[in-house]
>>> print(open('work.pdb').read())   # PDB, C-alpha atoms, pLDDT in the B column
ATOM      1  CA  MET Q   1       0.000   0.000   0.000  1.00 66.00           C
ATOM      2  CA  ALA Q   2       1.373   3.398  -0.961  1.00 79.00           C
ATOM      3  CA  TRP Q   3       1.716   6.219   1.543  1.00 82.00           C
ATOM      4  CA  ASP Q   4      -0.816   8.387  -0.293  1.00 84.00           C
ATOM      5  CA  GLU Q   5      -3.336   5.563  -0.249  1.00 85.00           C
ATOM      6  CA  TRP Q   6      -2.821   5.125   3.525  1.00 82.00           C
ATOM      7  CA  GLU Q   7      -3.339   8.852   4.142  1.00 85.00           C
ATOM      8  CA  GLN Q   8      -6.545   8.763   2.056  1.00 86.00           C
ATOM      9  CA  LEU Q   9      -7.906   5.811   4.095  1.00 83.00           C
ATOM     10  CA  LYS Q  10      -7.129   7.625   7.372  1.00 82.00           C
ATOM     11  CA  ALA Q  11      -8.890  10.769   6.160  1.00 83.00           C
ATOM     12  CA  THR Q  12     -11.950   8.792   5.094  1.00 82.00           C
ATOM     13  CA  ALA Q  13     -12.078   7.020   8.455  1.00 77.00           C
ATOM     14  CA  ALA Q  14     -11.745  10.336  10.310  1.00 75.00           C
ATOM     15  CA  GLU Q  15     -14.709  11.737   8.380  1.00 75.00           C
ATOM     16  CA  ARG Q  16     -16.846   8.769   9.454  1.00 69.00           C
ATOM     17  CA  GLN Q  17     -15.859   9.153  13.141  1.00 64.00           C
ATOM     18  CA  SER Q  18     -18.349  11.972  13.712  1.00 59.00           C
ATOM     19  CA  THR Q  19     -21.332   9.798  12.746  1.00 57.00           C
ATOM     20  CA  ARG Q  20     -20.477   6.589  14.559  1.00 55.00           C
ATOM     21  CA  MET Q  21     -22.620   5.159  17.350  1.00 55.00           C
ATOM     22  CA  GLN Q  22     -21.421   5.490  20.912  1.00 51.00           C
ATOM     23  CA  LEU Q  23     -22.509   2.779  23.344  1.00 56.00           C
ATOM     24  CA  ASN Q  24     -20.721   3.796  26.503  1.00 60.00           C
ATOM     25  CA  GLY Q  25     -23.423   6.126  27.795  1.00 62.00           C
ATOM     26  CA  LEU Q  26     -26.246   8.558  27.166  1.00 61.00           C
ATOM     27  CA  PRO Q  27     -25.777  12.288  27.008  1.00 65.00           C
ATOM     28  CA  PRO Q  28     -26.854  13.936  30.284  1.00 65.00           C
ATOM     29  CA  GLU Q  29     -29.969  15.510  28.736  1.00 68.00           C
ATOM     30  CA  ASP Q  30     -31.269  12.029  27.817  1.00 66.00           C
ATOM     31  CA  ARG Q  31     -30.799  10.552  31.306  1.00 63.00           C
ATOM     32  CA  PRO Q  32     -33.879  10.922  33.527  1.00 60.00           C
ATOM     33  CA  ASN Q  33     -31.871  11.071  36.778  1.00 58.00           C
ATOM     34  CA  ALA Q  34     -28.818  12.942  35.534  1.00 56.00           C
ATOM     35  CA  GLY Q  35     -26.976  14.432  38.458  1.00 56.00           C
ATOM     36  CA  SER Q  36     -28.915  12.357  40.976  1.00 55.00           C
ATOM     37  CA  PRO Q  37     -26.627  10.788  43.575  1.00 53.00           C
ATOM     38  CA  GLN Q  38     -28.889   7.708  43.674  1.00 52.00           C
ATOM     39  CA  GLY Q  39     -28.437   6.800  40.008  1.00 51.00           C
ATOM     40  CA  ASP Q  40     -31.067   5.330  37.728  1.00 55.00           C
ATOM     41  CA  LEU Q  41     -32.294   2.365  39.767  1.00 55.00           C
ATOM     42  CA  GLN Q  42     -34.278   3.225  42.842  1.00 63.00           C
ATOM     43  CA  ALA Q  43     -36.227   1.070  45.271  1.00 65.00           C
ATOM     44  CA  ASN Q  44     -37.387   2.435  48.569  1.00 71.00           C
ATOM     45  CA  GLN Q  45     -38.477   0.520  51.642  1.00 73.00           C
ATOM     46  CA  GLN Q  46     -42.173   1.053  50.845  1.00 80.00           C
ATOM     47  CA  ASP Q  47     -41.740  -0.536  47.393  1.00 78.00           C
ATOM     48  CA  LEU Q  48     -39.964  -3.555  48.833  1.00 77.00           C
ATOM     49  CA  ALA Q  49     -42.509  -3.910  51.613  1.00 80.00           C
ATOM     50  CA  ALA Q  50     -45.424  -3.734  49.138  1.00 85.00           C
ATOM     51  CA  VAL Q  51     -43.971  -6.493  46.954  1.00 84.00           C
ATOM     52  CA  GLY Q  52     -43.237  -8.686  49.970  1.00 84.00           C
ATOM     53  CA  ASN Q  53     -46.688  -8.039  51.424  1.00 87.00           C
ATOM     54  CA  SER Q  54     -48.443  -8.921  48.158  1.00 89.00           C
ATOM     55  CA  ALA Q  55     -46.444 -12.147  47.877  1.00 88.00           C
ATOM     56  CA  PHE Q  56     -47.325 -13.037  51.463  1.00 89.00           C
ATOM     57  CA  LYS Q  57     -51.059 -12.366  50.906  1.00 92.00           C
ATOM     58  CA  LEU Q  58     -51.003 -14.514  47.767  1.00 91.00           C
ATOM     59  CA  PHE Q  59     -49.216 -17.253  49.704  1.00 90.00           C
ATOM     60  CA  GLU Q  60     -51.876 -17.174  52.425  1.00 92.00           C
ATOM     61  CA  SER Q  61     -54.798 -17.177  49.970  1.00 92.00           C
ATOM     62  CA  LEU Q  62     -53.375 -19.994  47.875  1.00 90.00           C
ATOM     63  CA  GLY Q  63     -52.679 -22.029  50.988  1.00 89.00           C
ATOM     64  CA  ARG Q  64     -56.217 -21.468  52.234  1.00 90.00           C
ATOM     65  CA  TYR Q  65     -58.200 -21.893  48.994  1.00 91.00           C
ATOM     66  CA  GLY Q  66     -55.872 -23.713  46.585  1.00 90.00           C
ATOM     67  CA  ARG Q  67     -56.905 -27.135  47.784  1.00 88.00           C
ATOM     68  CA  ASP Q  68     -60.666 -26.553  48.088  1.00 89.00           C
ATOM     69  CA  ALA Q  69     -61.479 -28.970  45.257  1.00 88.00           C
ATOM     70  CA  TRP Q  70     -59.006 -31.645  46.364  1.00 87.00           C
ATOM     71  CA  SER Q  71     -61.404 -33.800  48.390  1.00 89.00           C
ATOM     72  CA  SER Q  72     -64.269 -33.758  45.889  1.00 91.00           C
ATOM     73  CA  SER Q  73     -61.864 -34.348  42.985  1.00 91.00           C
ATOM     74  CA  GLN Q  74     -60.294 -37.335  44.713  1.00 91.00           C
ATOM     75  CA  THR Q  75     -63.735 -38.757  45.539  1.00 93.00           C
ATOM     76  CA  ALA Q  76     -64.890 -38.300  41.940  1.00 93.00           C
ATOM     77  CA  ALA Q  77     -61.679 -39.863  40.587  1.00 93.00           C
ATOM     78  CA  LYS Q  78     -62.093 -42.872  42.895  1.00 94.00           C
ATOM     79  CA  ASP Q  79     -65.785 -43.311  42.000  1.00 94.00           C
ATOM     80  CA  LEU Q  80     -65.089 -43.085  38.263  1.00 93.00           C
ATOM     81  CA  THR Q  81     -62.216 -45.564  38.550  1.00 93.00           C
ATOM     82  CA  THR Q  82     -64.404 -47.971  40.570  1.00 94.00           C
ATOM     83  CA  GLN Q  83     -67.030 -47.793  37.834  1.00 95.00           C
ATOM     84  CA  GLU Q  84     -64.272 -48.597  35.302  1.00 93.00           C
ATOM     85  CA  PHE Q  85     -64.270 -45.211  33.606  1.00 93.00           C
ATOM     86  CA  ALA Q  86     -60.850 -44.239  32.226  1.00 91.00           C
ATOM     87  CA  LEU Q  87     -61.703 -40.674  33.140  1.00 93.00           C
ATOM     88  CA  GLY Q  88     -61.107 -41.544  36.821  1.00 93.00           C
ATOM     89  CA  GLY Q  89     -57.379 -42.050  36.285  1.00 93.00           C
ATOM     90  CA  GLY Q  90     -57.213 -38.873  34.211  1.00 93.00           C
ATOM     91  CA  LEU Q  91     -58.938 -36.841  36.906  1.00 93.00           C
ATOM     92  CA  HIS Q  92     -56.573 -38.254  39.510  1.00 92.00           C
ATOM     93  CA  ARG Q  93     -53.593 -37.294  37.317  1.00 94.00           C
ATOM     94  CA  VAL Q  94     -54.952 -33.752  36.879  1.00 93.00           C
ATOM     95  CA  GLN Q  95     -55.334 -33.450  40.657  1.00 92.00           C
ATOM     96  CA  GLU Q  96     -51.725 -34.603  41.198  1.00 92.00           C
ATOM     97  CA  GLN Q  97     -50.454 -32.055  38.666  1.00 93.00           C
ATOM     98  CA  TRP Q  98     -52.542 -29.315  40.289  1.00 92.00           C
ATOM     99  CA  GLU Q  99     -50.983 -30.141  43.648  1.00 92.00           C
ATOM    100  CA  LYS Q 100     -47.439 -29.973  42.215  1.00 93.00           C
ATOM    101  CA  GLN Q 101     -48.108 -26.649  40.499  1.00 92.00           C
ATOM    102  CA  LEU Q 102     -49.788 -25.242  43.596  1.00 92.00           C
ATOM    103  CA  GLN Q 103     -46.816 -26.234  45.748  1.00 92.00           C
ATOM    104  CA  SER Q 104     -44.401 -24.627  43.277  1.00 92.00           C
ATOM    105  CA  LEU Q 105     -46.399 -21.402  43.368  1.00 91.00           C
ATOM    106  CA  LEU Q 106     -46.579 -21.447  47.166  1.00 91.00           C
ATOM    107  CA  ASP Q 107     -42.806 -21.954  47.337  1.00 91.00           C
ATOM    108  CA  ALA Q 108     -42.232 -19.069  44.910  1.00 90.00           C
ATOM    109  CA  CYS Q 109     -44.494 -16.718  46.901  1.00 89.00           C
ATOM    110  CA  ALA Q 110     -42.761 -17.639  50.146  1.00 88.00           C
ATOM    111  CA  HIS Q 111     -39.361 -17.116  48.529  1.00 88.00           C
ATOM    112  CA  ILE Q 112     -40.340 -13.673  47.213  1.00 87.00           C
ATOM    113  CA  SER Q 113     -41.814 -12.611  50.543  1.00 83.00           C
ATOM    114  CA  ASN Q 114     -38.783 -13.817  52.502  1.00 82.00           C
ATOM    115  CA  HIS Q 115     -36.362 -12.262  50.028  1.00 82.00           C
ATOM    116  CA  MET Q 116     -38.080  -8.863  50.270  1.00 79.00           C
ATOM    117  CA  ASP Q 117     -37.836  -9.023  54.059  1.00 73.00           C
ATOM    118  CA  PHE Q 118     -34.141  -9.943  53.799  1.00 77.00           C
ATOM    119  CA  THR Q 119     -33.483  -7.210  51.214  1.00 75.00           C
ATOM    120  CA  LYS Q 120     -35.170  -4.601  53.390  1.00 70.00           C
ATOM    121  CA  LYS Q 121     -33.054  -5.584  56.394  1.00 72.00           C
ATOM    122  CA  ALA Q 122     -29.860  -5.791  54.324  1.00 73.00           C
ATOM    123  CA  HIS Q 123     -30.389  -2.302  52.900  1.00 70.00           C
ATOM    124  CA  GLN Q 124     -31.063  -0.901  56.345  1.00 69.00           C
ATOM    125  CA  GLY Q 125     -27.758  -2.407  57.487  1.00 70.00           C
ATOM    126  CA  ASP Q 126     -25.981  -1.026  54.419  1.00 69.00           C
ATOM    127  CA  GLU Q 127     -27.381   2.442  55.048  1.00 68.00           C
ATOM    128  CA  TYR Q 128     -26.255   2.339  58.683  1.00 66.00           C
ATOM    129  CA  PHE Q 129     -22.764   1.186  57.645  1.00 71.00           C
ATOM    130  CA  ILE Q 130     -22.435   3.877  54.974  1.00 70.00           C
ATOM    131  CA  ALA Q 131     -23.714   6.621  57.279  1.00 66.00           C
ATOM    132  CA  SER Q 132     -21.349   5.635  60.066  1.00 68.00           C
ATOM    133  CA  THR Q 133     -18.410   5.361  57.664  1.00 67.00           C
ATOM    134  CA  VAL Q 134     -19.120   8.729  56.069  1.00 63.00           C
ATOM    135  CA  SER Q 135     -19.594  10.410  59.436  1.00 63.00           C
ATOM    136  CA  GLY Q 136     -16.285   8.846  60.562  1.00 62.00           C
ATOM    137  CA  ILE Q 137     -14.523  10.279  57.517  1.00 64.00           C
ATOM    138  CA  ALA Q 138     -16.013  13.701  58.230  1.00 62.00           C
ATOM    139  CA  THR Q 139     -14.661  13.483  61.786  1.00 66.00           C
ATOM    140  CA  LEU Q 140     -11.216  12.574  60.477  1.00 63.00           C
ATOM    141  CA  ASP Q 141     -11.310  15.402  57.949  1.00 64.00           C
ATOM    142  CA  LYS Q 142     -12.285  17.817  60.677  1.00 69.00           C
ATOM    143  CA  GLY Q 143      -9.347  16.638  62.776  1.00 64.00           C
ATOM    144  CA  PHE Q 144      -6.956  17.066  59.887  1.00 65.00           C
ATOM    145  CA  ASN Q 145      -8.308  20.522  59.128  1.00 66.00           C
ATOM    146  CA  GLU Q 146      -7.925  21.603  62.745  1.00 66.00           C
ATOM    147  CA  GLY Q 147      -4.336  20.409  62.703  1.00 58.00           C
ATOM    148  CA  THR Q 148      -3.461  22.600  59.700  1.00 59.00           C
ATOM    149  CA  LYS Q 149      -4.909  25.851  61.114  1.00 56.00           C
ATOM    150  CA  ARG Q 150      -1.906  26.528  63.290  1.00 51.00           C
TER
END
>>> encode(input="work.pdb", output="structure tokens")
Amino acid sequence: MAWDEWEQLKATAAERQSTRMQLNGLPPEDRPNAGSPQGDLQANQQDLAAVGNSAFKLFESLGRYGRDAWSSSQTAAKDLTTQEFALGGGLHRVQEQWEKQLQSLLDACAHISNHMDFTKKAHQGDEYFIASTVSGIATLDKGFNEGTKR
């Protein structure tokens, strides 16, 4: 490749630089929380508590009402099977699957509720740690500043 050809390629590439896409961030005017010390993602204690509370209420309701049809379904499945209807085995299978799905949903609700409680407590501990650390740094800074006023 000749030197002139190289210089031409560099110039062409430089012209294209102004129109290229930049993926490392948004300009400040396009960021909804620009300048906010909290950043873009925010979750306060009320939000976490509401999610945990809803999961707990769903857990309680499913536990209370999710098995209402179990007894009558089992009785019907047994009666149909006794009368040699193939539908009896199918109904029994449906009831077993319902129970598995219900248990999975109950486990998920309990996990969400417990995790929200844990997250709330963890963030409270983090906030206490950060506040005490920052206040300790301020005390140190104050001591250093007093030492230089002489």
>>> residues_around(input="work.pdb", residues="Q:Gly66", least_positions_apart="5", cutoff="9 Å", atoms="all atoms listed in the file", output="PyMOL selection string")
chain Q and resi 61+99+102
>>> resolve_selection(input="work.pdb", expression="the PyMOL selection byres ((chain Q and resi 110) around 10)", output="PyMOL selection string")
chain Q and resi 52+55-60+104-109+111-116
>>> atom_distance(input="work.pdb", atom1="atom CA of Q:Arg67", atom2="atom CA of Q:Glu84")
25.9 Å
>>> residues_around(input="work.pdb", residues="stretch 69-76 of chain Q", least_positions_apart="3", cutoff="9 Å", atoms="only C-alpha atoms", output="mmCIF file with C-alpha atoms, keeping the file's coordinate frame")
data_model
loop_
_atom_site.group_PDB
_atom_site.id
_atom_site.type_symbol
_atom_site.label_atom_id
_atom_site.label_comp_id
_atom_site.auth_asym_id
_atom_site.auth_seq_id
_atom_site.Cartn_x
_atom_site.Cartn_y
_atom_site.Cartn_z
ATOM 1 C CA TYR Q 65 -58.200 -21.893 48.994
ATOM 2 C CA GLY Q 66 -55.872 -23.713 46.585
ATOM 3 C CA ASP Q 79 -65.785 -43.311 42.000
ATOM 4 C CA LEU Q 80 -65.089 -43.085 38.263
ATOM 5 C CA THR Q 81 -62.216 -45.564 38.550
ATOM 6 C CA GLY Q 88 -61.107 -41.544 36.821
ATOM 7 C CA LEU Q 91 -58.938 -36.841 36.906
ATOM 8 C CA HIS Q 92 -56.573 -38.254 39.510
ATOM 9 C CA GLN Q 95 -55.334 -33.450 40.657
ATOM 10 C CA GLU Q 99 -50.983 -30.141 43.648
#
>>> atom_distance(input="work.pdb", atom1="atom CA of Q:Lys78", atom2="atom CA of Q:Leu62")
25.0 Å
>>> atom_distance(input="work.pdb", atom1="atom CA of Q:Asp68", atom2="atom CA of Q:Ala86")
23.8 Å
